[in-house]
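Please read the structure below before turning to the comments.
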Amino acid sequence: MSTTSGSAKWQGGIKDGKGAISTKSGALSDYPYGFASRFEGKPGSNPEELIGAAHAACFTMALSLILGEAKLTAEQMETKADVTLEKQGDGFAITAIHLTLTAKIPGADDATFQDCAAKAKAGCPVSKLLNTKITLDAKLMS
């Protein structure tokens with residue numbers, strides 16, 4: 001079992017307030033976030049991009065494990081997770097995450113690759129955590 005942490009600080013109201021995000025590892029240390037970076041495209045982070053990064057990382061690691069079980073090793077894999085936040089009723093909800101994967105895997109055929117990618121999408125711990133629609137576009141590069 002493993003436990004780690006992330007933290008957030010906040011000062012002020014929802015629109016004029018300012019927040020800072022930190023991670024136990026120090027990868028983020030008081031990194032700014034707020035209403036403007038979340039909804040207005042201003043500099044800073046937001047929860048959705050952090051979820052996207054976490055999901056992309058987890059899925060790609062899970063795929064590496066599954067490929068290894070199939071006696072395959074990736075030369076390179078890149079995953080992007082597009083996280084959709086939409087207004088629902090009085091609040092907001094993450095309604096979808098779309099994973100886009102490009103991979104170079106010597107010796108892999110597309111059918112095996114697609115099967116492994118689908119298993120990783122369903123089985124990675126972050127996918128299991130998220131209660132939203134998750135889609136995948138996986139492309140094997142030659």
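Going through the structure tokens in order, the chains are called A, B, and so on, while each chain numbers its residues from 1 and the ligands are numbered from 1 in the order shown.
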
Give me the residues near Asp110 in chain A as an NGL selection string, where near means some atom within 10 Å (using only C-alpha atoms) and where sequence neighbours in that chain fewer than 6 positions away do not count. :A and (116 or 138-141)

For the selection just defined, write its residues with N, CA, C and O atoms to a file, as a PDB file, in the first residue's frame.
ATOM      1  N   CYS A 116      -4.161  -4.200 -25.492  1.00  0.00           N
ATOM      2  CA  CYS A 116      -3.400  -3.798 -24.297  1.00  0.00           C
ATOM      3  C   CYS A 116      -3.814  -2.405 -23.831  1.00  0.00           C
ATOM      4  O   CYS A 116      -3.978  -2.163 -22.634  1.00  0.00           O
ATOM      5  N   ALA A 138      -5.923   5.384 -29.628  1.00  0.00           N
ATOM      6  CA  ALA A 138      -4.563   4.852 -29.519  1.00  0.00           C
ATOM      7  C   ALA A 138      -4.007   4.602 -30.910  1.00  0.00           C
ATOM      8  O   ALA A 138      -4.624   3.904 -31.723  1.00  0.00           O
ATOM      9  N   LYS A 139      -2.830   5.182 -31.173  1.00  0.00           N
ATOM     10  CA  LYS A 139      -2.210   5.062 -32.489  1.00  0.00           C
ATOM     11  C   LYS A 139      -0.819   4.462 -32.340  1.00  0.00           C
ATOM     12  O   LYS A 139       0.015   4.992 -31.598  1.00  0.00           O
ATOM     13  N   LEU A 140      -0.593   3.377 -33.055  1.00  0.00           N
ATOM     14  CA  LEU A 140       0.712   2.715 -33.049  1.00  0.00           C
ATOM     15  C   LEU A 140       1.516   3.270 -34.209  1.00  0.00           C
ATOM     16  O   LEU A 140       1.095   3.225 -35.359  1.00  0.00           O
ATOM     17  N   MET A 141       2.680   3.833 -33.874  1.00  0.00           N
ATOM     18  CA  MET A 141       3.560   4.411 -34.881  1.00  0.00           C
ATOM     19  C   MET A 141       4.546   3.334 -35.350  1.00  0.00           C
ATOM     20  O   MET A 141       4.937   2.482 -34.572  1.00  0.00           O
TER      21      MET A 141
END

Would you list the contacts of Leu63 in chain A as a short mmCIF file (atom, residue, chain, number, x, y, z; two decimals) with N, CA and C atoms, in the first residue's frame, taking every protein, DNA or RNA residue within 7 Å and counting only C-alpha atoms, but skipping same-chain residues closer than 2 positions in sequence?
data_model
loop_
_atom_site.label_atom_id
_atom_site.label_comp_id
_atom_site.auth_asym_id
_atom_site.auth_seq_id
_atom_site.Cartn_x
_atom_site.Cartn_y
_atom_site.Cartn_z
N PHE A 59 -2.29 5.81 -16.71
CA PHE A 59 -2.66 4.98 -17.86
C PHE A 59 -1.40 4.50 -18.59
N THR A 60 -0.44 5.38 -18.80
CA THR A 60 0.76 5.02 -19.55
C THR A 60 1.61 4.01 -18.78
N MET A 61 1.69 4.18 -17.46
CA MET A 61 2.40 3.19 -16.64
C MET A 61 1.69 1.84 -16.67
N LEU A 65 3.07 -1.93 -18.06
CA LEU A 65 2.97 -3.20 -17.35
C LEU A 65 2.28 -4.26 -18.22
N ILE A 66 1.18 -3.90 -18.84
CA ILE A 66 0.41 -4.84 -19.66
C ILE A 66 1.20 -5.25 -20.90
N LEU A 67 1.93 -4.30 -21.50
CA LEU A 67 2.78 -4.64 -22.64
C LEU A 67 3.86 -5.64 -22.22
N CYS A 116 -4.16 -4.20 -25.49
CA CYS A 116 -3.40 -3.80 -24.30
C CYS A 116 -3.81 -2.40 -23.83
N ALA A 117 -3.99 -1.48 -24.79
CA ALA A 117 -4.38 -0.10 -24.44
C ALA A 117 -5.76 -0.08 -23.79
N ALA A 120 -5.46 -1.24 -20.25
CA ALA A 120 -4.85 -0.19 -19.41
C ALA A 120 -5.87 0.90 -19.09
#

**Q.** Thr135 in chain A surroundings by only C-alpha atoms, 9 Å radius, close-in-sequence under 5 positions cut, as a PyMOL selection string
**A.** chain A and resi 96-100+121

Give me the residues near Glu75 in chain A as a ChimeraX atom specification, where near means some atom within 9 Å (using only C-alpha atoms) and where sequence neighbours in that chain fewer than 5 positions away do not count.
/A:103-106

Exercise for the section: Compile the contact shell of range 126-131 of chain A as a ChimeraX atom specification: residues with an atom at most 9 Å away, counting only C-alpha atoms, same-chain residues fewer than 5 positions apart removed. Expected result: /A:51,54-56,58-59,94-95,120-121

Do you know which residues are at most 10 Å from range 35-46 of chain A counting only C-alpha atoms, after dropping those on the same chain fewer than 4 positions away, and could you put them as a compact mmCIF listing (two decimals) with N, CA and C atoms, in the first residue's frame?
# COMPACT_ATOMS: atom_id res chain seq x y z
N GLY A 13 -12.22 35.39 -2.00
CA GLY A 13 -13.47 34.89 -2.57
C GLY A 13 -13.21 34.04 -3.80
N ILE A 14 -14.28 33.54 -4.40
CA ILE A 14 -14.13 32.63 -5.53
C ILE A 14 -13.50 33.32 -6.74
N LYS A 15 -13.92 34.53 -7.08
CA LYS A 15 -13.39 35.17 -8.28
C LYS A 15 -12.11 35.98 -8.02
N ASP A 16 -12.00 36.60 -6.86
CA ASP A 16 -10.82 37.43 -6.60
C ASP A 16 -9.77 36.70 -5.76
N GLY A 17 -10.10 35.49 -5.34
CA GLY A 17 -9.19 34.73 -4.49
C GLY A 17 -8.01 34.16 -5.24
N LYS A 18 -7.03 33.73 -4.47
CA LYS A 18 -5.84 33.12 -5.04
C LYS A 18 -5.52 31.86 -4.26
N GLY A 19 -5.11 30.85 -5.01
CA GLY A 19 -4.75 29.58 -4.39
C GLY A 19 -3.35 29.18 -4.78
N ALA A 20 -2.84 28.18 -4.06
CA ALA A 20 -1.53 27.61 -4.35
C ALA A 20 -1.60 26.11 -4.11
N ILE A 21 -1.05 25.36 -5.06
CA ILE A 21 -1.07 23.90 -5.01
C ILE A 21 0.35 23.41 -4.74
N TYR A 31 2.33 26.35 -6.32
CA TYR A 31 2.04 26.74 -7.71
C TYR A 31 0.66 27.39 -7.76
N LEU A 50 -4.48 18.95 -13.56
CA LEU A 50 -3.77 18.03 -12.66
C LEU A 50 -4.36 16.63 -12.76
N ILE A 51 -5.68 16.53 -12.85
CA ILE A 51 -6.32 15.23 -13.05
C ILE A 51 -5.89 14.64 -14.39
N LEU A 85 -14.76 19.85 -18.35
CA LEU A 85 -15.51 20.37 -17.22
C LEU A 85 -16.70 21.13 -17.77

- Query: If you run DSSP on the backbone, which residues of range 8-61 of chain A are strand (DSSP E or B), as a count of residues only?
  - Reply: 14

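Residue nearest Glu86 in chain A, chosen from A:Glu48, A:Thr112, A:Ser64, A:Lys119 and counting only C-alpha atoms: A:Glu48.
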
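Going from CA of Ala62 in chain A over to CA of Ala93 in chain A, you cover 25.8 Å.
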